[in-house]
Every structure is written in C-alpha cells, then in structure tokens.
Amino acid sequence: MNRKILVLLLISFSVLGLMVYGTQAEGKKVGDNALKGVVQDASGQAVENATVWLIPSSDVDAMAKTPTEIKRDSKNDEPLEDNLAANRDKYQKATTDKKGGFKISNVADGKYFVYVEPSDKEHLPGGDKSNKAISTAEFKGKTIKILVSGNVPADAAYVGTSKCLTCHKAYDTEKKTLHKLGIRVAGKDSKLQDASRFPEFDNGLKKLMAGTKFYFYNFDKGRGFDKYMISEKMPSDPASVSFTATFFKDSDGKLKFKTENVKDISDPARTYTVEMTYGGGLYKQRYLYRVGKNLFPFVQYNPNGDDSYNDRTRKPWRDYHADWLFNEQTKKLSDPPIAKSFEKECASCHYTGYTLKHLESGEYIAGAVNDPNGEADIDGDGIPNELNIGCENCHGAGSAHVKAPKGKKASTIVSPGKLSTERSSVVCGQCHSRPQGNLKNDQPVNKDNKMMIPGTSRNDYLTNYTTREDAAKKDHWPDGIHSKAHHQQYTDFIKSKKYRNGNQLLKCSDCHDPHGMTNYKHQMRADVKDVKNSLCTTCHKANADIKKHMEAKTGVAEMGKINCVDCHSTKTMQTGAGLGKGLVKKDGKNYWMNDITSHLFDVPRKDNVGVKGVDPGKAMPIPYTNACGKCHNADNL
C-alpha cells in the first residue's frame, strides 16, 4: 500500500477514534448527570403530565441579593415561582409519564431546586424536594421520589377539627397549642382545648374575678388603642379621671364589669358580661364582652408588667379601647361602635371556616364551622363552633377528604410540607403579617370576606386578599426594615436570608411544629439538650462552635455562655409588657427588651437607624442591650 495512503488512513482512523471516544465520554457525562425520578402524591398515586423543572440555585442566590419588594406582581418575593416565571424558556424540564416517571438529560454540573408543576387541579406546585438545592453529584445514578400536595376541591366544606382527629389521633397535641387556646370561654377549656401547658394562663382573669376597679384618666386622642392611662388606684389628679370600670364575679358565676361616669354621676351606670378571654398563654390577655350580637375586647393584662415601670405600655394593666365606652365630647358613657366588633375586626384569623354577614341592624354575624366540641355556639343553631385555628386553616376544608376512598385521600387535602416554601409560608404569613383586606382592617379577606385557601400562591394572595400588602410604615422601626408591632413575623421573614438563598429555602414549619408535638415555647422543634442553639446548628454546622463564631465575627471571645438566639433572635416587637429592662445607661435610662422575635435573624447594629441618638427608652432593641451588655460595656460596642 502506498505509504502516503497508509498514513492518511491511520490519521482518519485516529480522528474517528477520537470522535467516537469523545461522544462516548460526553454520553457518559450526560448519563451520569441525568435526573431521573417519579412524582406521586402521599397516597402513592402517580401524578401524570406534571412538569418537573430544574431551577438553578445560582438564580435564587442572585435574587437573594436584591431587596425584597413587598407588593403584588413583585418579581422577587417568591424565590422559585418568580425565577421560573422569568425563565420558562431557559430552564430544563421533563414531563411525567403515566407512572409519574420522568428523566431530564444533559444536566450541566451545578445545584438545582427540583420544582414540580402539576397539570391537573388535584395537585399543587412545589413538591417535598423543592426547597433544598441538590447537586448533580447527589442525584446522578439515582432515582428520586417526589411527593406533591393534594388540593382541596372548590366545593369542599369545613368539617371541624373533631372530625379530623377521628383518624389523625396523633395530632391530638394540637389542643395544647396557643393556636387552639386563643379564644376561650372565660376560665373554661372546650373539648378541643387543653391549657395544661400554661398553668398561669388565667392569672389576669382570676384577678378580675376577685374584684378589680380601674380608673381611666388622662385621655390622649393621639394614641392608638390605649388612649387612657389605667390604674387600680385613684390617680394624683382626680379631675383627669373620665370613668371607672369595676369587674366582679356575679351571682350567676359570670365575670361582669360596670362602667360609671366620674364626670357626670347622674349618667346611669352600664353593666357588661365578659364571655371570652382572648389570649393568656404568653404575654397578654384581653377580655371579650358582649353587646347585642357582637363581642368587643376590653382591658389588657400583661403578666410581665410592673407598676414601677414608667412606660405605660409595660405596666400590668393597659387600656384597650376604653374610648369606645366613654364619649369625651359629650362626657357620657357609651356602648362600643358596632363597626368595631371582634367579629368584623379580628375573628377571621382565629375562626376555622370564617364567614361574615352584615345585618340590617348594622351588627355583624361571624360564622365558624360547626363542631360538637367547639368553644361556643355563636351562630345560634344549637351546635358549638370552632373559634380557633384548627386543622382546616392550614390543610383546607376537609369534606372531600373525609369522603374520598383511601387511594385518593391525599389528592383532596393540602399538605403544606409538600408545597414550595412561598406557598407553605404564606399560609402562616397571612395572619403573621399586617396587611389590610376587603374590610379595610388587619384581616386579609377577599371581596366575599373569606380567608385564603391553603396552597394559594403568594401573588394570588396579595392580589385577591389584600388591599394593602403588608404592615404600614408606623409598624416598623425608623430603619423601615425591622418590625415594631406584633404578629409581623412573616413581614420580617420574607426579607431574610432564610427565605431566599441558593441552598435551603426555609418555611415556618421547619422551625415550628404546628401540631404542638413539642413542649418547647412557641412550638419550637428544639433539641432538649440544647434548646437555644440546636435549631440553628442543624443547618449551620460550620458555626456550631459558638465561641469560635463569636471571635470570627466580633474579634472578641465570649466571656460567658452566649447562644445563637442571643444575637440573631432580637426581640424587636412588642405585644405585652416586653421581657423587662435591658442595659442600664449612665443617665439612668434603660433600653427595653421586647417579647416578639424579629424573623430577619440578622444582628442589628448599635448604629442602626432609629437607635443612634435616640432616647434609650424609645430605641429599637439590639443585641448589645442584653446578651453582650451583661458582661461588656455596651457603650463601646
């Protein structure tokens, strides 16, 4: 053979060999990086024609570096769904077959959030693998199983927690949660309530039952719900007193109070019956009295309050809308305004299956699901109603779930743990924030005065259930970031790194047990051996050595026992009296420690806007006022 031809043939075979080797090598890489899996619901039923998406963790991480926009149609407050909406033509995907199987080939090396988008109405987006990024190295060569949440049919009706517990007996612990104890017949548990974890629950109620007279004085129309100072003693200036309210246990065993006009003793006294207590397990308790068909709250008891505190909001007793019971213009006693009833202003975030009717009389009738073990019959049909947060507030109306055959159960009810973090967290967030809804108050109800159905997207919730998306400026500290008012945990949380990051997207139930299967405060999922650190170090393993972490961040070794929560769970919000005085300043004034944790999980600096140059008693709580200030001179930190 001609030597030249031979050389050319050898070169050709070599090139062909390289091409074949290259193809095989690339094919091997593709095979190794293929994502294979199956999508099912919790009943084991395959979910067909669902789209499985790979959302690059780098895109979520990039979003996390932008300020969260708290508004409807925002492009960065739903870390998975907003990224998907912007990149549907770019992200890799696959469609599930009849057995729920799928395969995404040729996946580039990296980390991804695996997000499922069902095509039917029986299931909801997300999946139990959607909130933690997984690397190609972790899934190649394996088959992953993804469970998605079911959805509540549009015609489903509420059945009550008692019906749910018939089958789900393990969740009987829910009766011990403050979600179930919020509204309570005065001094009495319903069969859906167990206050045994809170032995001091009714300390305030007991004081009132024993007989207490309050003087309401120094009216200030510029204040919010506490326009009056309140005292159990005649104030030094008797002329400043407008009226008194005397609580007593009547012969029928019920708690009542009588209002008397101090400005005009000829004005007939009025007597009201306290039917319910509102709170009491933690930082405050209020008392719901009846006028006609409606309930109204009055007087706030702060178990951590102290009469020695000059701050009126931190004393044992605080005025709560005494201005509804006395008209400062006419100097006459009055009944509360119907438009301010508990049913219209508050009940939607408490009742299970909330409804509202506006009668011709002007009164409001709030409805809740009938439950034979409920707290009280509020709609007059002879059957008690469930007046607190029950199973269906988070899982959706249960009638279809009750009727469904065993193999279809999971597709008829919402499982928040199998939703994306944004859909799961907004279930809690609708009430743990401060939006305004159709009623123009802090209740996120739609035009039909209904609460959001669990599984709704955050944007649909903002669009259809709110007229103001979140808390007003006055409900934040001057920095405009940290919440000042209570029940705004979600307001903070969605701005935190926990909610948006490229690794693991936390949801409320990752740290809190909604079923109350833990004895720890706030239903925390804590380790009994290390309650104050265990939740943090579960994920932040690199910072498990707190002393080294402190030195790395502050340059100062800890001088005592410092916990993660001391710096990263600052009590910026106040609901009761707060948790006492913090660091005493040289001028004798104090910083105050509040009682509700900021869910930003940052460490507010001493020079944070609203702190520097502000009187300590009015400054935002910061870690330097408590944990550090116990050992260090906080003036120099």
# chains A, B, ... in the order shown; residues from 1 in each chain; ligands from 1

$ residues_around --residues "A:Trp592" --least-positions-apart "5" --cutoff "10 Å" --atoms "only C-alpha atoms" --output "PDB file with N, CA and C atoms, in the first residue's frame"
ATOM      1  N   ASP A 311     -42.971  53.410  81.599  1.00  0.00           N
ATOM      2  CA  ASP A 311     -43.593  53.202  80.294  1.00  0.00           C
ATOM      3  C   ASP A 311     -44.991  52.621  80.506  1.00  0.00           C
ATOM      4  N   ARG A 314     -45.979  49.023  79.573  1.00  0.00           N
ATOM      5  CA  ARG A 314     -45.286  47.895  80.196  1.00  0.00           C
ATOM      6  C   ARG A 314     -45.735  47.654  81.638  1.00  0.00           C
ATOM      7  N   LYS A 571     -35.447  40.631  70.120  1.00  0.00           N
ATOM      8  CA  LYS A 571     -36.863  40.876  70.403  1.00  0.00           C
ATOM      9  C   LYS A 571     -37.210  42.324  70.027  1.00  0.00           C
ATOM     10  N   THR A 572     -37.434  42.568  68.753  1.00  0.00           N
ATOM     11  CA  THR A 572     -37.710  43.936  68.310  1.00  0.00           C
ATOM     12  C   THR A 572     -39.179  44.309  68.440  1.00  0.00           C
ATOM     13  N   GLN A 574     -43.121  44.238  70.176  1.00  0.00           N
ATOM     14  CA  GLN A 574     -43.774  44.210  71.483  1.00  0.00           C
ATOM     15  C   GLN A 574     -45.236  43.833  71.341  1.00  0.00           C
ATOM     16  N   ALA A 577     -45.894  43.356  77.822  1.00  0.00           N
ATOM     17  CA  ALA A 577     -45.081  44.347  78.523  1.00  0.00           C
ATOM     18  C   ALA A 577     -43.610  44.268  78.129  1.00  0.00           C
ATOM     19  N   GLY A 578     -43.260  43.305  77.265  1.00  0.00           N
ATOM     20  CA  GLY A 578     -41.855  43.077  76.982  1.00  0.00           C
ATOM     21  C   GLY A 578     -41.269  42.161  78.047  1.00  0.00           C
ATOM     22  N   LEU A 579     -39.966  41.912  77.924  1.00  0.00           N
ATOM     23  CA  LEU A 579     -39.322  40.984  78.846  1.00  0.00           C
ATOM     24  C   LEU A 579     -38.456  41.692  79.873  1.00  0.00           C
ATOM     25  N   GLY A 580     -38.768  42.931  80.164  1.00  0.00           N
ATOM     26  CA  GLY A 580     -38.058  43.644  81.214  1.00  0.00           C
ATOM     27  C   GLY A 580     -37.056  44.641  80.692  1.00  0.00           C
ATOM     28  N   LYS A 581     -36.317  45.220  81.616  1.00  0.00           N
ATOM     29  CA  LYS A 581     -35.350  46.249  81.270  1.00  0.00           C
ATOM     30  C   LYS A 581     -34.053  45.620  80.806  1.00  0.00           C
ATOM     31  N   GLY A 582     -33.465  46.242  79.813  1.00  0.00           N
ATOM     32  CA  GLY A 582     -32.176  45.791  79.325  1.00  0.00           C
ATOM     33  C   GLY A 582     -31.054  46.547  80.004  1.00  0.00           C
ATOM     34  N   LEU A 583     -30.069  46.904  79.231  1.00  0.00           N
ATOM     35  CA  LEU A 583     -28.890  47.565  79.760  1.00  0.00           C
ATOM     36  C   LEU A 583     -29.231  48.918  80.373  1.00  0.00           C
ATOM     37  N   VAL A 584     -28.763  49.171  81.586  1.00  0.00           N
ATOM     38  CA  VAL A 584     -28.978  50.457  82.240  1.00  0.00           C
ATOM     39  C   VAL A 584     -27.918  51.442  81.745  1.00  0.00           C
ATOM     40  N   PRO A 616     -32.888  56.069  74.915  1.00  0.00           N
ATOM     41  CA  PRO A 616     -32.872  54.608  75.069  1.00  0.00           C
ATOM     42  C   PRO A 616     -34.246  53.981  75.215  1.00  0.00           C
ATOM     43  N   GLY A 617     -35.134  54.636  75.924  1.00  0.00           N
ATOM     44  CA  GLY A 617     -36.461  54.070  76.135  1.00  0.00           C
ATOM     45  C   GLY A 617     -37.279  53.960  74.869  1.00  0.00           C
ATOM     46  N   LYS A 618     -36.823  54.656  73.803  1.00  0.00           N
ATOM     47  CA  LYS A 618     -37.563  54.622  72.542  1.00  0.00           C
ATOM     48  C   LYS A 618     -36.763  53.961  71.428  1.00  0.00           C
ATOM     49  N   ALA A 619     -35.634  53.395  71.760  1.00  0.00           N
ATOM     50  CA  ALA A 619     -34.747  52.816  70.757  1.00  0.00           C
ATOM     51  C   ALA A 619     -35.132  51.384  70.427  1.00  0.00           C
ATOM     52  N   MET A 620     -34.797  50.970  69.215  1.00  0.00           N
ATOM     53  CA  MET A 620     -35.046  49.602  68.802  1.00  0.00           C
ATOM     54  C   MET A 620     -34.154  48.654  69.592  1.00  0.00           C
ATOM     55  N   PRO A 621     -34.709  47.585  70.126  1.00  0.00           N
ATOM     56  CA  PRO A 621     -33.868  46.622  70.855  1.00  0.00           C
ATOM     57  C   PRO A 621     -32.789  46.049  69.939  1.00  0.00           C
ATOM     58  N   ILE A 622     -31.575  45.952  70.456  1.00  0.00           N
ATOM     59  CA  ILE A 622     -30.452  45.392  69.719  1.00  0.00           C
ATOM     60  C   ILE A 622     -29.701  44.444  70.647  1.00  0.00           C
ATOM     61  N   THR A 625     -27.902  45.363  74.005  1.00  0.00           N
ATOM     62  CA  THR A 625     -28.612  45.781  75.215  1.00  0.00           C
ATOM     63  C   THR A 625     -28.879  44.619  76.160  1.00  0.00           C
ATOM     64  N   ASN A 626     -28.640  43.384  75.727  1.00  0.00           N
ATOM     65  CA  ASN A 626     -28.906  42.259  76.629  1.00  0.00           C
ATOM     66  C   ASN A 626     -27.731  41.290  76.699  1.00  0.00           C
TER      67      ASN A 626
END

$ residues_around --residues "stretch 49-62 of chain A" --least-positions-apart "5" --cutoff "10 Å" --atoms "only C-alpha atoms" --output "PDB file with N, CA and C atoms, in the first residue's frame"
ATOM      1  N   LEU A  35     -31.199  13.484  35.538  1.00  0.00           N
ATOM      2  CA  LEU A  35     -32.048  13.428  36.730  1.00  0.00           C
ATOM      3  C   LEU A  35     -33.241  12.552  36.418  1.00  0.00           C
ATOM      4  N   GLY A  37     -36.585  10.291  38.075  1.00  0.00           N
ATOM      5  CA  GLY A  37     -37.403  10.226  39.272  1.00  0.00           C
ATOM      6  C   GLY A  37     -38.839   9.878  38.992  1.00  0.00           C
ATOM      7  N   VAL A  38     -39.636   9.922  40.049  1.00  0.00           N
ATOM      8  CA  VAL A  38     -41.060   9.650  39.944  1.00  0.00           C
ATOM      9  C   VAL A  38     -41.803  10.645  40.833  1.00  0.00           C
ATOM     10  N   VAL A  39     -42.959  11.106  40.352  1.00  0.00           N
ATOM     11  CA  VAL A  39     -43.774  12.071  41.088  1.00  0.00           C
ATOM     12  C   VAL A  39     -45.078  11.387  41.516  1.00  0.00           C
ATOM     13  N   ASN A  76     -39.560  39.273  42.829  1.00  0.00           N
ATOM     14  CA  ASN A  76     -38.502  38.650  43.636  1.00  0.00           C
ATOM     15  C   ASN A  76     -38.928  38.257  45.048  1.00  0.00           C
ATOM     16  N   GLU A  78     -41.063  35.506  45.553  1.00  0.00           N
ATOM     17  CA  GLU A  78     -41.341  34.074  45.502  1.00  0.00           C
ATOM     18  C   GLU A  78     -40.133  33.427  44.837  1.00  0.00           C
ATOM     19  N   PRO A  79     -39.169  32.969  45.640  1.00  0.00           N
ATOM     20  CA  PRO A  79     -37.869  32.579  45.095  1.00  0.00           C
ATOM     21  C   PRO A  79     -37.917  31.545  43.977  1.00  0.00           C
ATOM     22  N   LEU A  80     -38.816  30.592  44.044  1.00  0.00           N
ATOM     23  CA  LEU A  80     -38.893  29.591  42.987  1.00  0.00           C
ATOM     24  C   LEU A  80     -39.837  30.007  41.866  1.00  0.00           C
ATOM     25  N   GLU A  81     -41.038  30.436  42.234  1.00  0.00           N
ATOM     26  CA  GLU A  81     -42.037  30.734  41.209  1.00  0.00           C
ATOM     27  C   GLU A  81     -41.696  31.975  40.395  1.00  0.00           C
ATOM     28  N   ASP A  82     -41.080  32.971  41.006  1.00  0.00           N
ATOM     29  CA  ASP A  82     -40.687  34.163  40.243  1.00  0.00           C
ATOM     30  C   ASP A  82     -39.526  33.860  39.296  1.00  0.00           C
ATOM     31  N   ASN A  83     -38.584  33.046  39.745  1.00  0.00           N
ATOM     32  CA  ASN A  83     -37.488  32.647  38.862  1.00  0.00           C
ATOM     33  C   ASN A  83     -38.000  31.813  37.703  1.00  0.00           C
ATOM     34  N   LEU A  84     -38.925  30.917  37.982  1.00  0.00           N
ATOM     35  CA  LEU A  84     -39.492  30.086  36.928  1.00  0.00           C
ATOM     36  C   LEU A  84     -40.271  30.931  35.922  1.00  0.00           C
ATOM     37  N   ASN A  87     -37.999  32.538  33.466  1.00  0.00           N
ATOM     38  CA  ASN A  87     -37.053  31.713  32.695  1.00  0.00           C
ATOM     39  C   ASN A  87     -37.669  30.423  32.171  1.00  0.00           C
ATOM     40  N   ARG A  88     -38.946  30.431  31.898  1.00  0.00           N
ATOM     41  CA  ARG A  88     -39.618  29.205  31.455  1.00  0.00           C
ATOM     42  C   ARG A  88     -39.042  28.676  30.149  1.00  0.00           C
ATOM     43  N   LYS A  90     -35.916  28.827  29.343  1.00  0.00           N
ATOM     44  CA  LYS A  90     -34.493  28.537  29.526  1.00  0.00           C
ATOM     45  C   LYS A  90     -34.242  27.318  30.404  1.00  0.00           C
ATOM     46  N   TYR A  91     -35.074  27.116  31.397  1.00  0.00           N
ATOM     47  CA  TYR A  91     -34.813  26.058  32.359  1.00  0.00           C
ATOM     48  C   TYR A  91     -35.099  24.678  31.762  1.00  0.00           C
ATOM     49  N   GLN A  92     -34.307  23.703  32.194  1.00  0.00           N
ATOM     50  CA  GLN A  92     -34.515  22.336  31.759  1.00  0.00           C
ATOM     51  C   GLN A  92     -35.735  21.736  32.458  1.00  0.00           C
ATOM     52  N   LYS A  93     -36.399  20.835  31.739  1.00  0.00           N
ATOM     53  CA  LYS A  93     -37.640  20.281  32.269  1.00  0.00           C
ATOM     54  C   LYS A  93     -37.909  18.916  31.662  1.00  0.00           C
ATOM     55  N   ALA A  94     -38.878  18.228  32.245  1.00  0.00           N
ATOM     56  CA  ALA A  94     -39.369  16.962  31.708  1.00  0.00           C
ATOM     57  C   ALA A  94     -40.819  16.812  32.142  1.00  0.00           C
ATOM     58  N   THR A  95     -41.558  15.968  31.409  1.00  0.00           N
ATOM     59  CA  THR A  95     -42.964  15.718  31.725  1.00  0.00           C
ATOM     60  C   THR A  95     -43.124  14.286  32.220  1.00  0.00           C
ATOM     61  N   THR A  96     -43.897  14.107  33.266  1.00  0.00           N
ATOM     62  CA  THR A  96     -44.077  12.773  33.833  1.00  0.00           C
ATOM     63  C   THR A  96     -44.987  11.911  32.954  1.00  0.00           C
ATOM     64  N   ASP A  97     -44.691  10.609  32.956  1.00  0.00           N
ATOM     65  CA  ASP A  97     -45.499   9.667  32.184  1.00  0.00           C
ATOM     66  C   ASP A  97     -46.648   9.137  33.048  1.00  0.00           C
ATOM     67  N   LYS A  98     -47.315   8.099  32.561  1.00  0.00           N
ATOM     68  CA  LYS A  98     -48.482   7.568  33.266  1.00  0.00           C
ATOM     69  C   LYS A  98     -48.146   7.030  34.650  1.00  0.00           C
ATOM     70  N   LYS A  99     -46.887   6.614  34.816  1.00  0.00           N
ATOM     71  CA  LYS A  99     -46.455   6.101  36.114  1.00  0.00           C
ATOM     72  C   LYS A  99     -45.793   7.178  36.967  1.00  0.00           C
ATOM     73  N   GLY A 100     -45.854   8.408  36.491  1.00  0.00           N
ATOM     74  CA  GLY A 100     -45.250   9.517  37.230  1.00  0.00           C
ATOM     75  C   GLY A 100     -43.760   9.647  37.007  1.00  0.00           C
ATOM     76  N   GLY A 101     -43.213   8.826  36.120  1.00  0.00           N
ATOM     77  CA  GLY A 101     -41.774   8.849  35.895  1.00  0.00           C
ATOM     78  C   GLY A 101     -41.339   9.987  34.984  1.00  0.00           C
ATOM     79  N   PHE A 102     -40.091  10.394  35.150  1.00  0.00           N
ATOM     80  CA  PHE A 102     -39.535  11.453  34.304  1.00  0.00           C
ATOM     81  C   PHE A 102     -38.018  11.302  34.246  1.00  0.00           C
ATOM     82  N   LYS A 103     -37.433  11.954  33.242  1.00  0.00           N
ATOM     83  CA  LYS A 103     -35.975  11.982  33.108  1.00  0.00           C
ATOM     84  C   LYS A 103     -35.570  13.271  32.420  1.00  0.00           C
ATOM     85  N   ILE A 104     -34.630  13.977  33.042  1.00  0.00           N
ATOM     86  CA  ILE A 104     -34.066  15.196  32.447  1.00  0.00           C
ATOM     87  C   ILE A 104     -32.610  14.897  32.107  1.00  0.00           C
ATOM     88  N   VAL A 107     -27.858  17.374  31.991  1.00  0.00           N
ATOM     89  CA  VAL A 107     -27.902  18.404  33.025  1.00  0.00           C
ATOM     90  C   VAL A 107     -26.481  18.921  33.284  1.00  0.00           C
ATOM     91  N   ALA A 108     -26.301  20.214  33.182  1.00  0.00           N
ATOM     92  CA  ALA A 108     -24.990  20.800  33.432  1.00  0.00           C
ATOM     93  C   ALA A 108     -24.629  20.673  34.907  1.00  0.00           C
ATOM     94  N   GLY A 110     -23.826  21.424  38.579  1.00  0.00           N
ATOM     95  CA  GLY A 110     -24.285  22.528  39.417  1.00  0.00           C
ATOM     96  C   GLY A 110     -25.280  22.058  40.457  1.00  0.00           C
ATOM     97  N   LYS A 111     -25.991  23.011  41.068  1.00  0.00           N
ATOM     98  CA  LYS A 111     -27.010  22.727  42.072  1.00  0.00           C
ATOM     99  C   LYS A 111     -28.347  23.276  41.587  1.00  0.00           C
ATOM    100  N   TYR A 112     -29.408  22.527  41.889  1.00  0.00           N
ATOM    101  CA  TYR A 112     -30.730  22.897  41.388  1.00  0.00           C
ATOM    102  C   TYR A 112     -31.802  22.660  42.447  1.00  0.00           C
ATOM    103  N   PHE A 113     -32.854  23.477  42.372  1.00  0.00           N
ATOM    104  CA  PHE A 113     -34.085  23.211  43.103  1.00  0.00           C
ATOM    105  C   PHE A 113     -35.006  22.468  42.144  1.00  0.00           C
ATOM    106  N   VAL A 114     -35.517  21.317  42.569  1.00  0.00           N
ATOM    107  CA  VAL A 114     -36.382  20.496  41.722  1.00  0.00           C
ATOM    108  C   VAL A 114     -37.831  20.847  42.030  1.00  0.00           C
ATOM    109  N   TYR A 115     -38.495  21.444  41.065  1.00  0.00           N
ATOM    110  CA  TYR A 115     -39.824  22.024  41.279  1.00  0.00           C
ATOM    111  C   TYR A 115     -40.829  21.350  40.355  1.00  0.00           C
ATOM    112  N   VAL A 116     -41.942  20.896  40.931  1.00  0.00           N
ATOM    113  CA  VAL A 116     -42.964  20.190  40.159  1.00  0.00           C
ATOM    114  C   VAL A 116     -44.165  21.100  39.919  1.00  0.00           C
ATOM    115  N   GLU A 117     -44.619  21.090  38.688  1.00  0.00           N
ATOM    116  CA  GLU A 117     -45.782  21.891  38.295  1.00  0.00           C
ATOM    117  C   GLU A 117     -46.843  20.956  37.708  1.00  0.00           C
ATOM    118  N   PRO A 118     -47.804  20.504  38.537  1.00  0.00           N
ATOM    119  CA  PRO A 118     -48.842  19.580  38.039  1.00  0.00           C
ATOM    120  C   PRO A 118     -49.717  20.247  36.984  1.00  0.00           C
ATOM    121  N   SER A 119     -50.273  19.427  36.103  1.00  0.00           N
ATOM    122  CA  SER A 119     -51.165  19.958  35.066  1.00  0.00           C
ATOM    123  C   SER A 119     -52.627  19.830  35.469  1.00  0.00           C
ATOM    124  N   ASP A 120     -52.908  19.019  36.489  1.00  0.00           N
ATOM    125  CA  ASP A 120     -54.297  18.829  36.919  1.00  0.00           C
ATOM    126  C   ASP A 120     -54.628  19.762  38.080  1.00  0.00           C
ATOM    127  N   HIS A 123     -53.658  18.556  42.315  1.00  0.00           N
ATOM    128  CA  HIS A 123     -52.378  18.669  42.994  1.00  0.00           C
ATOM    129  C   HIS A 123     -51.834  20.085  42.883  1.00  0.00           C
ATOM    130  N   PRO A 125     -48.390  22.929  43.126  1.00  0.00           N
ATOM    131  CA  PRO A 125     -46.971  23.021  42.733  1.00  0.00           C
ATOM    132  C   PRO A 125     -46.017  22.901  43.915  1.00  0.00           C
ATOM    133  N   GLY A 126     -44.782  22.571  43.586  1.00  0.00           N
ATOM    134  CA  GLY A 126     -43.724  22.518  44.589  1.00  0.00           C
ATOM    135  C   GLY A 126     -43.144  21.130  44.699  1.00  0.00           C
ATOM    136  N   GLY A 127     -43.623  20.373  45.684  1.00  0.00           N
ATOM    137  CA  GLY A 127     -43.095  19.046  45.949  1.00  0.00           C
ATOM    138  C   GLY A 127     -42.163  19.055  47.141  1.00  0.00           C
ATOM    139  N   SER A 130     -38.550  20.420  46.743  1.00  0.00           N
ATOM    140  CA  SER A 130     -38.381  21.708  46.058  1.00  0.00           C
ATOM    141  C   SER A 130     -37.601  22.746  46.850  1.00  0.00           C
ATOM    142  N   LYS A 132     -34.851  22.437  48.932  1.00  0.00           N
ATOM    143  CA  LYS A 132     -33.434  22.253  49.214  1.00  0.00           C
ATOM    144  C   LYS A 132     -32.710  21.935  47.918  1.00  0.00           C
ATOM    145  N   ALA A 133     -31.706  22.732  47.569  1.00  0.00           N
ATOM    146  CA  ALA A 133     -30.970  22.532  46.326  1.00  0.00           C
ATOM    147  C   ALA A 133     -30.202  21.220  46.370  1.00  0.00           C
ATOM    148  N   ILE A 134     -30.188  20.530  45.241  1.00  0.00           N
ATOM    149  CA  ILE A 134     -29.482  19.262  45.144  1.00  0.00           C
ATOM    150  C   ILE A 134     -28.472  19.358  44.009  1.00  0.00           C
ATOM    151  N   SER A 135     -27.278  18.839  44.212  1.00  0.00           N
ATOM    152  CA  SER A 135     -26.222  18.927  43.203  1.00  0.00           C
ATOM    153  C   SER A 135     -26.302  17.754  42.246  1.00  0.00           C
ATOM    154  N   ILE A 146     -40.508  12.152  44.412  1.00  0.00           N
ATOM    155  CA  ILE A 146     -41.030  13.464  44.799  1.00  0.00           C
ATOM    156  C   ILE A 146     -42.510  13.329  45.159  1.00  0.00           C
ATOM    157  N   LYS A 497     -32.546  35.971  54.857  1.00  0.00           N
ATOM    158  CA  LYS A 497     -31.751  35.053  54.047  1.00  0.00           C
ATOM    159  C   LYS A 497     -32.276  33.629  54.146  1.00  0.00           C
ATOM    160  N   ARG A 500     -34.842  33.329  51.135  1.00  0.00           N
ATOM    161  CA  ARG A 500     -34.255  33.389  49.787  1.00  0.00           C
ATOM    162  C   ARG A 500     -32.747  33.138  49.884  1.00  0.00           C
ATOM    163  N   ASN A 501     -32.302  32.034  49.358  1.00  0.00           N
ATOM    164  CA  ASN A 501     -30.882  31.714  49.294  1.00  0.00           C
ATOM    165  C   ASN A 501     -30.698  30.569  48.308  1.00  0.00           C
ATOM    166  N   GLY A 502     -29.464  30.266  47.966  1.00  0.00           N
ATOM    167  CA  GLY A 502     -29.211  29.242  46.960  1.00  0.00           C
ATOM    168  C   GLY A 502     -28.993  27.860  47.520  1.00  0.00           C
ATOM    169  N   ASN A 503     -29.312  27.648  48.798  1.00  0.00           N
ATOM    170  CA  ASN A 503     -29.044  26.351  49.408  1.00  0.00           C
ATOM    171  C   ASN A 503     -30.315  25.672  49.911  1.00  0.00           C
ATOM    172  N   GLN A 504     -30.948  26.280  50.929  1.00  0.00           N
ATOM    173  CA  GLN A 504     -32.159  25.694  51.502  1.00  0.00           C
ATOM    174  C   GLN A 504     -33.148  26.793  51.834  1.00  0.00           C
ATOM    175  N   LEU A 505     -34.341  26.698  51.275  1.00  0.00           N
ATOM    176  CA  LEU A 505     -35.378  27.708  51.482  1.00  0.00           C
ATOM    177  C   LEU A 505     -36.256  27.259  52.646  1.00  0.00           C
TER     178      LEU A 505
END

$ atom_distance --atom1 "atom CA of A:Ile494" --atom2 "atom CA of A:Gly417"
17.6 Å

$ closest_residue --among "A:Ala195, A:Cys511, A:Val414, A:Leu356" --to "A:Gly281" --atoms "only C-alpha atoms"
A:Ala195

$ residues_around --residues "A:Leu359" --least-positions-apart "2" --cutoff "12 Å" --atoms "only C-alpha atoms" --output "list in words"
Lys293, Asn294, Ile338, Ala339, Lys344, Leu356, Lys357, Ser361, Gly362, Glu363, Tyr364, Ile365 and Ala366 of chain A

$ residues_around --residues "A:Phe216" --least-positions-apart "2" --cutoff "12 Å" --atoms "only C-alpha atoms" --output "PyMOL selection string"
chain A and resi 213-214+218-220+226-235+237-246+259-263+299+317-323+325-326+328

$ atom_distance --atom1 "atom CA of A:Glu69" --atom2 "atom CA of A:Met524"
28.6 Å

$ select_by_dssp --residues "stretch 255-363 of chain A" --states "alpha helix (DSSP H)" --output "PyMOL selection string"
chain A and resi 342-345

$ closest_residue --among "A:Arg197, A:Lys258, A:Cys564, A:Tyr354" --to "A:Gly280" --atoms "only C-alpha atoms"
A:Arg197
